[in-house]
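S.K.: Have a peek at data_35.cif (mmCIF, C-alpha atoms).
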```cif
data_entry
#
loop_
_atom_site.label_atom_id
_atom_site.label_comp_id
_atom_site.auth_asym_id
_atom_site.auth_seq_id
_atom_site.Cartn_x
_atom_site.Cartn_y
_atom_site.Cartn_z
CA MET C 394 -25.08 4.69 10.09
CA ARG C 395 -25.55 0.92 10.05
CA ILE C 396 -26.83 0.98 6.45
CA GLU C 397 -23.93 3.11 5.23
CA ALA C 398 -21.42 0.94 7.11
CA SER C 399 -22.89 -2.15 5.48
CA LYS C 400 -22.62 -0.63 2.00
CA THR C 401 -19.02 0.41 2.60
CA ILE C 402 -18.07 -3.04 3.89
CA ARG C 403 -19.67 -4.73 0.85
CA LEU C 404 -17.66 -2.51 -1.48
CA ALA C 405 -14.52 -2.82 0.63
CA LEU C 406 -14.42 -6.61 0.98
CA PRO C 407 -13.27 -7.41 -2.59
CA ILE C 408 -10.81 -4.51 -2.41
CA ILE C 409 -9.48 -5.75 0.93
CA ILE C 410 -9.14 -9.33 -0.29
CA GLY C 411 -7.30 -8.12 -3.37
CA GLU C 412 -4.99 -5.92 -1.27
CA LEU C 413 -4.28 -8.77 1.13
CA ALA C 414 -3.53 -11.07 -1.80
CA GLN C 415 -1.02 -8.56 -3.18
CA MET C 416 0.53 -8.13 0.27
CA SER C 417 0.67 -11.89 0.65
CA LEU C 418 3.02 -12.11 -2.31
CA HIS C 419 5.69 -10.28 -0.26
CA ILE C 420 4.96 -12.34 2.84
CA ILE C 421 5.15 -15.59 0.85
CA ASP C 422 8.49 -14.50 -0.61
CA ALA C 423 9.78 -13.56 2.85
CA ALA C 424 8.65 -16.86 4.39
CA MET C 425 10.00 -19.06 1.59
CA VAL C 426 13.31 -17.18 1.38
CA GLY C 427 13.59 -16.95 5.18
CA ALA C 428 13.49 -20.75 5.32
CA ILE C 429 16.92 -20.73 3.65
CA SER C 430 18.63 -18.26 6.01
CA TYR C 431 17.97 -15.08 7.95
CA LYS C 432 20.46 -13.21 5.75
CA GLN C 433 18.38 -14.04 2.68
CA LEU C 434 15.39 -12.66 4.60
CA ALA C 435 17.36 -9.55 5.55
CA ALA C 436 18.34 -9.04 1.89
CA ALA C 437 14.70 -9.28 0.81
CA ALA C 438 13.79 -6.80 3.57
CA LEU C 439 16.51 -4.38 2.41
CA VAL C 440 15.18 -4.38 -1.16
CA ILE C 441 11.56 -4.02 -0.10
CA ASN C 442 12.45 -1.10 2.16
CA ALA C 443 14.65 0.59 -0.45
CA MET C 444 12.09 0.37 -3.25
CA ASN C 445 9.05 1.00 -1.08
CA ILE C 446 9.09 4.79 -1.40
CA PRO C 447 9.17 4.98 -5.22
CA PHE C 448 6.73 2.07 -5.46
CA VAL C 449 4.08 3.69 -3.29
CA LEU C 450 4.56 6.98 -5.13
CA GLY C 451 3.39 5.05 -8.18
CA ILE C 452 0.48 3.54 -6.25
CA GLY C 453 -0.59 7.05 -5.21
CA MET C 454 -0.67 8.11 -8.85
CA THR C 455 -2.99 5.21 -9.73
CA ILE C 456 -5.41 6.36 -7.01
CA SER C 457 -6.16 9.46 -9.08
CA VAL C 458 -7.82 7.17 -11.64
CA SER C 459 -10.36 5.75 -9.18
CA GLN C 460 -11.13 9.19 -7.75
CA MET C 461 -11.82 10.90 -11.08
CA VAL C 462 -13.64 7.86 -12.51
CA SER C 463 -15.82 7.65 -9.39
CA MET C 464 -16.78 11.33 -9.57
CA ALA C 465 -17.68 11.01 -13.27
CA HIS C 466 -19.61 7.83 -12.46
CA GLY C 467 -21.50 9.70 -9.74
CA ARG C 468 -22.63 12.19 -12.41
CA ASN C 469 -23.51 9.25 -14.71
CA ASP C 470 -21.11 10.63 -17.36
CA LYS C 471 -19.86 7.50 -19.17
CA GLY C 472 -17.88 9.52 -21.71
CA ALA C 473 -15.90 11.22 -18.95
CA VAL C 474 -15.28 7.82 -17.33
CA SER C 475 -13.71 6.53 -20.56
CA HIS C 476 -11.72 9.74 -21.01
CA TYR C 477 -10.26 9.60 -17.49
CA PHE C 478 -9.42 5.92 -17.96
CA PHE C 479 -7.41 6.57 -21.14
CA ASN C 480 -5.50 9.57 -19.80
CA GLY C 481 -4.99 7.91 -16.41
CA PHE C 482 -3.56 4.75 -17.97
CA PHE C 483 -1.11 6.79 -20.05
CA LEU C 484 0.00 8.84 -17.03
CA CYS C 485 0.47 5.76 -14.84
CA ALA C 486 2.35 3.89 -17.59
CA VAL C 487 4.86 6.74 -17.88
CA THR C 488 5.15 6.84 -14.08
CA ALA C 489 5.75 3.07 -13.93
CA ILE C 490 8.53 3.18 -16.53
CA ILE C 491 10.30 6.06 -14.78
CA ILE C 492 10.14 4.34 -11.38
CA SER C 493 11.30 1.01 -12.83
CA LEU C 494 14.31 2.50 -14.61
CA THR C 495 15.24 4.48 -11.49
CA LEU C 496 15.27 1.31 -9.38
CA VAL C 497 17.11 -0.82 -11.92
CA PHE C 498 19.88 1.69 -12.68
CA GLY C 499 20.04 2.98 -9.11
CA LYS C 500 20.44 -0.39 -7.40
CA SER C 501 24.05 0.36 -6.43
CA ILE C 502 22.70 2.70 -3.74
CA LEU C 503 22.36 -0.40 -1.57
CA TYR C 504 26.15 -0.38 -1.15
CA HIS C 505 25.96 3.02 0.57
CA LEU C 506 23.31 2.38 3.24
CA GLY C 507 25.60 0.95 5.92
CA GLN C 508 24.15 -2.54 5.67
CA ASP C 509 25.75 -5.94 6.23
CA ALA C 510 28.04 -6.64 3.22
CA GLU C 511 26.78 -10.17 2.59
CA VAL C 512 23.18 -8.97 2.78
CA VAL C 513 23.87 -6.29 0.14
CA GLU C 514 25.50 -8.78 -2.27
CA LEU C 515 22.41 -10.98 -2.02
CA ALA C 516 20.10 -8.00 -2.48
CA ILE C 517 21.56 -6.42 -5.67
CA PRO C 518 20.25 -8.93 -8.30
CA PHE C 519 16.94 -9.22 -6.44
CA MET C 520 16.60 -5.42 -6.59
CA GLN C 521 16.97 -5.45 -10.37
CA LEU C 522 14.24 -8.05 -10.91
CA MET C 523 11.87 -6.34 -8.50
CA GLY C 524 12.53 -3.06 -10.32
CA TYR C 525 11.40 -4.58 -13.61
CA SER C 526 8.29 -6.02 -11.95
CA ILE C 527 7.15 -2.51 -10.99
CA ILE C 528 5.87 -1.92 -14.55
CA PRO C 529 3.29 -4.75 -14.73
CA MET C 530 2.39 -4.20 -11.07
CA LEU C 531 1.54 -0.49 -11.46
CA LEU C 532 -0.30 -1.10 -14.73
CA PHE C 533 -2.37 -3.77 -13.00
CA MET C 534 -3.08 -1.35 -10.16
CA THR C 535 -4.19 1.32 -12.68
CA LEU C 536 -6.70 -1.08 -14.21
CA LYS C 537 -7.81 -2.15 -10.74
CA GLN C 538 -8.37 1.47 -9.69
CA PHE C 539 -10.48 2.03 -12.82
CA ALA C 540 -12.66 -0.96 -11.98
CA ASP C 541 -12.84 0.04 -8.30
CA GLY C 542 -13.96 3.55 -9.26
CA LEU C 543 -16.91 1.96 -11.05
CA GLN C 544 -17.54 -0.18 -7.94
CA LEU C 545 -16.82 -3.31 -10.02
CA THR C 546 -14.29 -4.75 -7.61
CA LYS C 547 -14.58 -8.53 -7.91
CA THR C 548 -12.58 -9.12 -11.11
CA ALA C 549 -9.32 -7.67 -9.77
CA MET C 550 -9.90 -9.49 -6.48
CA LEU C 551 -10.21 -12.88 -8.21
CA LEU C 552 -7.08 -12.29 -10.27
CA SER C 553 -5.17 -11.25 -7.15
CA LEU C 554 -6.26 -14.44 -5.39
CA LEU C 555 -5.29 -16.59 -8.38
CA SER C 556 -1.85 -14.97 -8.37
CA LEU C 557 -1.08 -16.52 -4.96
CA PRO C 558 -0.90 -20.21 -5.97
CA LEU C 559 0.93 -19.19 -9.15
CA ASN C 560 3.54 -17.29 -7.13
CA VAL C 561 3.94 -20.11 -4.59
CA PHE C 562 4.42 -22.64 -7.39
CA LEU C 563 6.98 -20.49 -9.20
CA ASN C 564 8.80 -19.85 -5.91
CA TRP C 565 8.87 -23.59 -5.23
CA LEU C 566 10.41 -24.19 -8.64
CA LEU C 567 12.89 -21.32 -8.72
CA ILE C 568 13.87 -20.68 -5.08
CA TYR C 569 14.47 -24.33 -4.17
CA GLY C 570 15.34 -25.72 -7.63
CA ASN C 571 12.60 -28.32 -7.96
CA TRP C 572 11.62 -30.25 -11.14
CA GLY C 573 15.06 -29.78 -12.66
CA PHE C 574 15.13 -25.97 -12.37
CA ALA C 575 18.28 -24.28 -11.05
CA ARG C 576 18.25 -23.41 -7.34
CA LEU C 577 18.16 -19.60 -7.54
CA GLU C 578 17.14 -18.84 -3.94
CA LEU C 579 16.42 -15.08 -3.54
CA ILE C 580 16.86 -14.41 -7.29
CA GLY C 581 14.26 -17.12 -7.93
CA ALA C 582 11.77 -15.19 -5.78
CA GLY C 583 12.43 -12.14 -7.94
CA TRP C 584 11.74 -14.02 -11.18
CA ALA C 585 8.58 -15.56 -9.70
CA THR C 586 7.27 -12.11 -8.71
CA LEU C 587 8.03 -10.63 -12.14
CA ILE C 588 6.25 -13.46 -13.97
CA THR C 589 3.24 -13.43 -11.62
CA ARG C 590 2.74 -9.67 -11.90
CA SER C 591 3.00 -9.78 -15.70
CA VAL C 592 0.39 -12.53 -15.99
CA THR C 593 -2.13 -10.77 -13.74
CA PHE C 594 -1.75 -7.45 -15.58
CA ILE C 595 -2.26 -9.02 -19.02
CA ALA C 596 -5.32 -10.93 -17.77
CA LEU C 597 -7.03 -7.85 -16.29
CA PHE C 598 -6.20 -5.73 -19.36
CA PHE C 599 -7.87 -8.31 -21.62
CA ILE C 600 -10.96 -8.56 -19.39
CA ILE C 601 -11.53 -4.78 -19.14
CA LEU C 602 -11.27 -4.29 -22.89
CA ASN C 603 -13.51 -7.23 -23.77
CA HIS C 604 -15.97 -8.05 -20.97
CA ARG C 605 -19.54 -6.78 -21.37
CA ARG C 606 -19.64 -5.26 -17.85
CA PHE C 607 -16.96 -2.77 -18.85
CA GLN C 608 -18.01 -2.22 -22.47
CA LYS C 609 -20.28 0.77 -21.80
CA TYR C 610 -17.37 2.58 -20.16
CA ILE C 611 -14.87 1.85 -22.95
CA ASN C 612 -15.61 4.37 -25.70
CA LYS C 613 -12.57 5.03 -27.88
CA SER C 614 -14.07 8.26 -29.25
CA TYR C 615 -13.23 9.78 -25.85
CA TRP C 616 -9.65 8.47 -25.90
CA GLN C 617 -7.98 11.79 -26.47
CA MET C 618 -4.96 13.12 -24.61
CA LYS C 619 -5.73 16.44 -22.91
CA TRP C 620 -3.38 18.43 -20.71
CA SER C 621 -6.34 19.69 -18.63
CA THR C 622 -7.27 16.08 -17.84
CA ILE C 623 -3.68 15.11 -17.04
CA LYS C 624 -3.51 18.14 -14.74
CA GLU C 625 -6.70 17.04 -12.94
CA LEU C 626 -5.22 13.59 -12.42
CA LEU C 627 -1.92 15.05 -11.23
CA ASN C 628 -3.71 17.36 -8.77
CA ILE C 629 -5.06 14.24 -7.06
CA GLY C 630 -2.25 11.81 -7.87
CA VAL C 631 0.78 13.83 -6.77
CA PRO C 632 -0.52 14.71 -3.26
CA SER C 633 -1.87 11.16 -2.89
CA SER C 634 1.54 9.81 -3.86
CA LEU C 635 3.23 12.09 -1.36
CA GLN C 636 0.80 11.12 1.41
CA ILE C 637 1.26 7.39 0.95
CA GLY C 638 4.95 7.79 0.13
CA MET C 639 5.71 9.77 3.27
CA GLU C 640 4.11 7.16 5.50
CA ALA C 641 5.57 4.17 3.69
CA GLY C 642 8.85 6.05 3.36
CA ALA C 643 9.01 6.60 7.09
CA PHE C 644 8.68 2.86 7.69
CA ALA C 645 11.17 2.08 4.90
CA ILE C 646 13.77 4.51 6.27
CA SER C 647 13.18 3.14 9.76
CA GLY C 648 13.98 -0.31 8.41
CA ILE C 649 17.21 0.90 6.84
CA ILE C 650 18.17 2.69 10.08
CA ILE C 651 17.40 -0.42 12.12
CA GLY C 652 19.54 -2.40 9.65
CA THR C 653 22.57 -0.39 10.84
CA ILE C 654 22.06 -1.93 14.30
CA SER C 655 22.35 -5.55 13.11
CA ALA C 656 21.04 -8.04 10.55
CA VAL C 657 19.06 -9.69 13.36
CA ALA C 658 17.35 -6.39 14.19
CA GLN C 659 16.55 -5.80 10.52
CA ALA C 660 15.08 -9.27 10.05
CA ALA C 661 12.97 -8.87 13.23
CA HIS C 662 11.80 -5.45 12.09
CA GLN C 663 10.78 -6.89 8.71
CA ILE C 664 8.76 -9.65 10.37
CA ALA C 665 6.87 -7.21 12.61
CA LEU C 666 6.41 -4.76 9.73
CA SER C 667 5.12 -7.52 7.44
CA CYS C 668 2.45 -8.42 10.01
CA ALA C 669 1.51 -4.77 10.57
CA SER C 670 1.46 -4.10 6.82
CA PHE C 671 -0.82 -7.10 6.33
CA THR C 672 -3.41 -5.71 8.75
CA PHE C 673 -2.94 -2.23 7.27
CA MET C 674 -4.08 -3.54 3.87
CA VAL C 675 -7.54 -3.98 5.38
CA SER C 676 -7.49 -0.36 6.53
CA MET C 677 -6.36 0.71 3.06
CA GLY C 678 -9.22 -1.27 1.53
CA LEU C 679 -11.72 0.40 3.85
CA ALA C 680 -10.15 3.79 3.08
CA GLN C 681 -10.39 3.15 -0.65
CA ALA C 682 -14.02 2.02 -0.40
CA GLY C 683 -14.94 5.01 1.77
CA SER C 684 -13.09 7.35 -0.57
CA ILE C 685 -14.81 5.94 -3.67
CA ARG C 686 -18.27 6.25 -2.09
CA VAL C 687 -17.53 9.78 -0.84
CA SER C 688 -16.13 10.76 -4.24
CA ASN C 689 -19.24 9.41 -5.96
CA ALA C 690 -21.45 11.49 -3.64
CA TYR C 691 -19.14 14.49 -4.06
CA GLY C 692 -19.76 14.34 -7.82
CA ARG C 693 -23.40 15.18 -6.94
CA LYS C 694 -22.40 17.57 -4.07
CA ASP C 695 -24.46 15.40 -1.69
CA TRP C 696 -22.97 16.52 1.66
CA PRO C 697 -25.44 14.72 3.96
CA HIS C 698 -24.48 11.47 2.25
CA ILE C 699 -20.78 12.35 2.40
CA SER C 700 -21.00 12.97 6.15
CA SER C 701 -22.90 9.75 6.78
CA ILE C 702 -20.46 7.65 4.76
CA GLY C 703 -17.48 9.24 6.51
CA ARG C 704 -18.70 8.77 10.07
CA SER C 705 -19.72 5.16 9.51
CA THR C 706 -16.38 4.32 7.88
CA LEU C 707 -14.45 5.86 10.78
CA PHE C 708 -16.48 3.76 13.22
CA ILE C 709 -15.57 0.60 11.29
CA ALA C 710 -11.89 1.62 11.39
CA LEU C 711 -11.99 2.08 15.16
CA LEU C 712 -13.44 -1.39 15.75
CA TYR C 713 -11.00 -2.99 13.34
CA GLY C 714 -7.99 -1.30 14.94
CA MET C 715 -9.01 -2.63 18.36
CA PHE C 716 -9.39 -6.15 16.97
CA CYS C 717 -5.91 -6.10 15.38
CA ALA C 718 -4.28 -4.76 18.54
CA ILE C 719 -5.69 -7.63 20.59
CA ALA C 720 -4.65 -10.19 17.94
CA PHE C 721 -1.03 -8.96 17.89
CA VAL C 722 -0.77 -9.19 21.67
CA LEU C 723 -2.22 -12.70 21.76
CA PHE C 724 -0.06 -14.09 18.93
CA LYS C 725 3.17 -12.13 19.42
CA ASN C 726 5.15 -15.25 20.23
CA SER C 727 3.84 -17.51 17.45
CA LEU C 728 3.73 -15.18 14.43
CA PRO C 729 7.53 -14.61 14.14
CA SER C 730 8.24 -18.34 13.92
CA VAL C 731 6.31 -18.47 10.63
CA PHE C 732 9.04 -16.36 9.01
CA ASN C 733 12.28 -17.57 10.61
CA LYS C 734 13.61 -20.10 13.11
CA ASN C 735 16.49 -18.04 14.50
CA GLU C 736 15.83 -17.61 18.23
CA ASP C 737 17.29 -14.10 18.46
CA VAL C 738 15.18 -12.90 15.52
CA ILE C 739 12.00 -14.43 16.99
CA LYS C 740 12.61 -12.89 20.41
CA MET C 741 13.11 -9.38 19.02
CA ALA C 742 10.20 -9.69 16.56
CA SER C 743 7.88 -10.69 19.41
CA LEU C 744 8.79 -7.49 21.26
CA LEU C 745 8.27 -5.32 18.16
CA LEU C 746 4.83 -6.87 17.61
CA LEU C 747 3.76 -5.31 20.92
CA PHE C 748 4.66 -1.90 19.53
CA ALA C 749 2.79 -2.74 16.33
CA ALA C 750 -0.26 -3.54 18.48
CA LEU C 751 -0.10 -0.09 20.08
CA PHE C 752 -0.56 1.81 16.82
CA GLN C 753 -3.25 -0.34 15.20
CA ILE C 754 -6.14 2.03 16.03
CA SER C 755 -4.35 5.22 14.96
CA ASP C 756 -2.95 3.50 11.86
CA SER C 757 -6.40 2.39 10.73
CA THR C 758 -8.18 5.67 11.48
CA GLN C 759 -5.52 7.90 9.87
CA ALA C 760 -5.75 5.88 6.65
CA ILE C 761 -9.54 6.33 6.63
CA GLY C 762 -9.23 10.04 7.40
CA ALA C 763 -6.84 10.63 4.48
CA GLY C 764 -9.06 8.57 2.16
CA LEU C 765 -12.23 10.47 3.06
CA LEU C 766 -10.51 13.82 2.51
CA ARG C 767 -9.21 12.58 -0.84
CA GLY C 768 -12.77 11.73 -1.81
CA ILE C 769 -13.76 15.40 -1.49
CA LYS C 770 -10.60 16.47 -3.37
CA ASP C 771 -8.96 17.87 -0.22
CA VAL C 772 -5.38 16.68 -0.63
CA LYS C 773 -2.96 19.59 -0.04
CA THR C 774 -3.42 20.29 3.68
CA PRO C 775 -3.59 16.55 4.55
CA THR C 776 -0.26 16.14 2.74
CA VAL C 777 1.31 18.78 5.01
CA LEU C 778 -0.16 17.12 8.12
CA ILE C 779 1.21 13.74 7.08
CA ALA C 780 4.65 15.26 6.39
CA ILE C 781 4.73 16.69 9.92
CA ALA C 782 3.50 13.44 11.46
CA TYR C 783 6.20 11.20 10.01
CA TRP C 784 9.14 13.39 9.07
CA VAL C 785 9.03 16.00 11.84
CA ILE C 786 7.73 13.77 14.65
CA GLY C 787 7.97 10.06 13.79
CA LEU C 788 11.45 9.55 12.35
CA PRO C 789 13.39 12.21 14.33
CA VAL C 790 11.89 11.13 17.66
CA GLY C 791 12.40 7.47 16.73
CA TRP C 792 16.05 8.06 15.88
CA LEU C 793 16.66 9.92 19.14
CA LEU C 794 15.04 7.18 21.19
CA ALA C 795 16.83 4.42 19.26
CA PHE C 796 20.38 5.81 19.44
CA ARG C 797 20.57 8.63 21.97
CA PHE C 798 18.43 6.89 24.59
CA GLY C 799 19.65 3.38 23.77
CA MET C 800 16.24 1.87 22.99
CA GLY C 801 17.34 0.37 19.67
CA ALA C 802 14.58 -0.88 17.34
CA SER C 803 11.96 -0.32 20.08
CA GLY C 804 12.79 3.39 20.12
CA MET C 805 12.27 3.71 16.38
CA TRP C 806 8.86 2.06 16.65
CA THR C 807 7.90 4.38 19.53
CA GLY C 808 8.59 7.39 17.32
CA LEU C 809 6.43 5.95 14.56
CA ILE C 810 3.58 5.41 17.02
CA LEU C 811 3.68 9.10 17.95
CA GLY C 812 3.63 10.11 14.29
CA LEU C 813 0.66 7.87 13.48
CA THR C 814 -1.32 9.22 16.42
CA PHE C 815 -0.72 12.82 15.32
CA ALA C 816 -1.84 12.03 11.75
CA SER C 817 -4.96 10.21 12.90
CA PHE C 818 -6.16 13.03 15.18
CA PHE C 819 -5.70 15.92 12.76
CA LEU C 820 -6.94 14.16 9.60
CA ILE C 821 -10.17 13.01 11.25
CA ARG C 822 -10.66 16.42 12.84
CA ARG C 823 -10.33 18.10 9.44
CA PHE C 824 -12.86 15.83 7.72
CA LEU C 825 -15.44 16.28 10.48
CA LYS C 826 -15.01 20.08 10.44
CA MET C 827 -15.36 20.28 6.65
CA SER C 828 -18.45 18.08 6.71
CA LYS C 829 -20.06 20.18 9.44
CA ARG C 830 -19.28 23.44 7.62
CA ASN C 831 -20.78 22.27 4.32
CA LEU C 832 -23.83 20.76 6.01
CA SER C 833 -24.54 24.05 7.82
CA SER C 834 -24.49 25.93 4.48
CA ILE C 835 -27.30 23.78 3.05
CA PRO C 836 -30.57 25.77 3.13
#
```
Can you give me the file's structure in the form of structure tokens?
M.R.:
Amino acid sequence: MRIEASKTIRLALPIIIGELAQMSLHIIDAAMVGAISYKQLAAAALVINAMNIPFVLGIGMTISVSQMVSMAHGRNDKGAVSHYFFNGFFLCAVTAIIISLTLVFGKSILYHLGQDAEVVELAIPFMQLMGYSIIPMLLFMTLKQFADGLQLTKTAMLLSLLSLPLNVFLNWLLIYGNWGFARLELIGAGWATLITRSVTFIALFFIILNHRRFQKYINKSYWQMKWSTIKELLNIGVPSSLQIGMEAGAFAISGIIIGTISAVAQAAHQIALSCASFTFMVSMGLAQAGSIRVSNAYGRKDWPHISSIGRSTLFIALLYGMFCAIAFVLFKNSLPSVFNKNEDVIKMASLLLLFAALFQISDSTQAIGAGLLRGIKDVKTPTVLIAIAYWVIGLPVGWLLAFRFGMGASGMWTGLILGLTFASFFLIRRFLKMSKRNLSSIP
């Protein structure tokens, strides 16, 4: 188990660093905009919550690329790798354009969510810019998933890291109006994000098409559109999108619901959620690494290896969840002040960080469980389990506790904890049962 855990961690580290870098872009925007006023922060939170569901649906579609590429790589079929890359890029490009246009032309929905009027007026132009930025972001993620599927993870990681100082610099220029630029505040953060995402996509696209490490997997004779290939990608991508979308959607809807309580509650929720989302990126990186390694072994039908990889990855997730829970408890009073100086916001965010600490173990392990099942192409039943966890248990219970039992934002977070725990238990149980059944059938 120790050897397999070590291999998974080595693969996961560049993925995790890249995921954290991408997550940091949102946190940097929140911190730099929050320094202006808490209503600017609340407006940024409203947009992030509103666009989170369609955005993660797109992310789920890109995951199909890494899964199919990894399985082909496990069979040492370079032609199939190139073929999946071409078809996957086309599918994800179409998905990105559809999502972007939906967000840009549907931005007026923000007026109908019962939010603070001033917050909505600030959010509308920011929503449009963030909608446009979806296209380069999802195309970058498609290329990243291709490279990750080949276990060549460092290039995307380096580009993600380099995007941080670029984004900070552009924010400094455009949010605050330095060096003669107009002071655009929240709109400036939107422009900075759009520019940063475009630059990183173009850079990774150029590297993959021209660098010698990728050349043996880029064979244009296999670049043919096939419906059977698109269908394979959709069979993984659609359930993956729904899985990630239903979880992210539950948190996004919870943010919108909490926003009906007050702008202070929404800002506090966004701070706690930003911290929890940051730690969750590590879990997602571990899940992606475990899924890629399992998928590679699944391409060879190597069930002993699949079982070993899965158990070791779950053990890592358990330890990591415990570490994050302790960290949130210890730093619950200092973390909120990084985002905002309003005393009411800080006080409420400190309380919500305690709830975030409670679900760290189940949040980490459910992500790993879903990733491992995805690696063996088991996506339909896990999608149903996740739907029950968040939309039958998490949100309804959270709403009841928040409004019928007067718990406010704390009640909504309690409901989400229950949903996460349900998902974690049943996803892990399913992977272990499937592994045991296939191992017992080996002569």
S.K.: Exactly which residues make up the result of the PyMOL selection byres ((chain C and resi 461) around 9) on this file, given as a ChimeraX atom specification?
M.R.: /C:456-460,462-466,473-474,477-478,542,625-626,629,688
S.K.: The PyMOL selection byres ((chain C and resi 518) around 12) - which residues does that actually catch in the file I just gave you? List them as a count of residues only.
M.R.: 31
S.K.: Report as number ranges by chain all protein, DNA and RNA residues lying within 8 Å of region 508-510 of chain C, evaluated on only C-alpha atoms, omitting residues in the same chain fewer than 5 positions from it.
M.R.: C: 503, 649, 652-653, 655-656
S.K.: For the interface of region 702-811 of chain C with region 426-434 of chain C (cut-off 10 Å, counting all atoms listed in the file), please tabulate each contacting residue of region 702-811 of chain C alongside its nearest pair of atoms and their separation in Å to one decimal, rows sorted by chain and increasing number, as CSV.
M.R.:
```
residue,atom,partner,partner_atom,distance
C:Val731,CA,C:Ala428,CA,9.2
C:Phe732,CA,C:Gly427,CA,6.0
C:Asn733,CA,C:Gly427,CA,5.6
C:Lys734,CA,C:Ala428,CA,7.8
C:Asn735,CA,C:Tyr431,CA,7.3
C:Val738,CA,C:Tyr431,CA,8.4
```
S.K.: Restricting the calculation to only C-alpha atoms: of C:Ile420, C:Met530, C:Leu597, C:Leu506, which residue gets closest to Ala489 (chain C)?
M.R.: C:Met530
S.K.: Restricting the calculation to all atoms listed in the file, which member of C:Ala710, C:Leu766, C:Leu746, C:Leu751 is positioned closest to Ala405 (chain C)?
M.R.: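 Among the listed residues, C:Ala710 lies closest to Ala405 (chain C).
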S.K.: C:Phe479, C:Tyr504, C:Phe671, C:Phe752: which is nearest Gln415 (chain C), counting all atoms listed in the file?
M.R.: C:Phe671
S.K.: Could you check how far CA of His698 (chain C) sits from CA of Ile402 (chain C), in Å to one decimal?
M.R.: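 These atoms are spaced 15.9 Å apart.
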S.K.: May I ask which of the residues C:Ile502, C:Leu552, C:Ala690, C:Leu484 is the closest one to Thr535 (chain C), counting all atoms listed in the file?
M.R.: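 With all atoms listed in the file as the atom set, the closest residue is C:Leu484.
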S.K.: Evaluated on this file, the PyMOL selection byres ((chain C and resi 607) around 12) picks out some residues - which ones are they, written as a ChimeraX atom specification?
M.R.: /C:471,474-475,478,536,539-546,548,597-606,608-612
S.K.: Enumerate, as a ChimeraX atom specification, the protein, DNA and RNA residues whose atoms approach (-6.6, -5.4, 4.4) to within 6 Å, taking into account all atoms listed in the file and the coordinate frame of the file.
M.R.: /C:409,412-413,672-676,678
S.K.: Which residue is closest to Phe594 (chain C)? Choose from C:Arg830, C:Lys537, C:Lys624, C:Arg822 and count all atoms listed in the file.
M.R.: C:Lys537
S.K.: Quick one: residues within 6 Å of Gln753 (chain C), all atoms listed in the file, excluding same-chain residues fewer than 2 positions away - as a PyMOL selection string?
M.R.: chain C and resi 714+718+750-751+755-756
S.K.: Keeping only C-alpha atoms, write the selected residues as a tab-separated table (two decimals), keeping the file's coordinate frame.
M.R.:
```
chain	number	residue	atom	x	y	z
C	714	GLY	CA	-7.99	-1.30	14.94
C	718	ALA	CA	-4.28	-4.76	18.54
C	750	ALA	CA	-0.26	-3.54	18.48
C	751	LEU	CA	-0.10	-0.09	20.08
C	755	SER	CA	-4.35	5.22	14.96
C	756	ASP	CA	-2.95	3.50	11.86
```
S.K.: Between C:Lys725, C:His662, C:His419, C:Arg686, which one has atoms that come closest to Gly703 (chain C), using only C-alpha atoms?
M.R.: C:Arg686
S.K.: For Phe796 (chain C), find every residue with an atom within 10 Å (counting only C-alpha atoms), except residues of its own chain fewer than 5 positions away, and show them as a PyMOL selection string.
M.R.: chain C and resi 654+791+801-802+804-805
S.K.: May I have the centre and edge lengths, in Å to one decimal, of an axis-aligned box around the listed atoms of region 645-650 of chain C with 3 Å added to every side, as AutoDock Vina command-line options?
M.R.:
```
--center_x 14.7 --center_y 2.1 --center_z 7.5 --size_x 13.0 --size_y 10.8 --size_z 11.2
```
S.K.: I want to know what sits within 8 Å of Ser553 (chain C), based on only C-alpha atoms, with residues of the same chain fewer than 3 positions away left out; could you give that as JSON, numbers by chain?
M.R.: {"C": [411, 412, 414, 415, 549, 550, 556, 557, 593]}
S.K.: What would region 540-546 of chain C look like with N, CA and C atoms restored, written as a CSV table (one decimal), keeping the file's coordinate frame?
M.R.:
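Full text of part_11.csv as output:
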```
chain,number,residue,atom,x,y,z
C,540,ALA,N,-11.5,-0.1,-12.3
C,540,ALA,CA,-12.7,-1.0,-12.0
C,540,ALA,C,-13.2,-0.6,-10.6
C,541,ASP,N,-12.4,-0.3,-9.6
C,541,ASP,CA,-12.8,0.0,-8.3
C,541,ASP,C,-13.7,1.3,-8.3
C,542,GLY,N,-13.2,2.3,-9.1
C,542,GLY,CA,-14.0,3.6,-9.3
C,542,GLY,C,-15.4,3.4,-9.8
C,543,LEU,N,-15.6,2.3,-10.5
C,543,LEU,CA,-16.9,2.0,-11.0
C,543,LEU,C,-17.7,1.0,-10.1
C,544,GLN,N,-17.0,0.7,-9.0
C,544,GLN,CA,-17.5,-0.2,-7.9
C,544,GLN,C,-17.7,-1.6,-8.5
C,545,LEU,N,-16.9,-1.9,-9.5
C,545,LEU,CA,-16.8,-3.3,-10.0
C,545,LEU,C,-15.5,-3.9,-9.5
C,546,THR,N,-15.5,-4.4,-8.3
C,546,THR,CA,-14.3,-4.8,-7.6
C,546,THR,C,-13.9,-6.2,-7.6
```
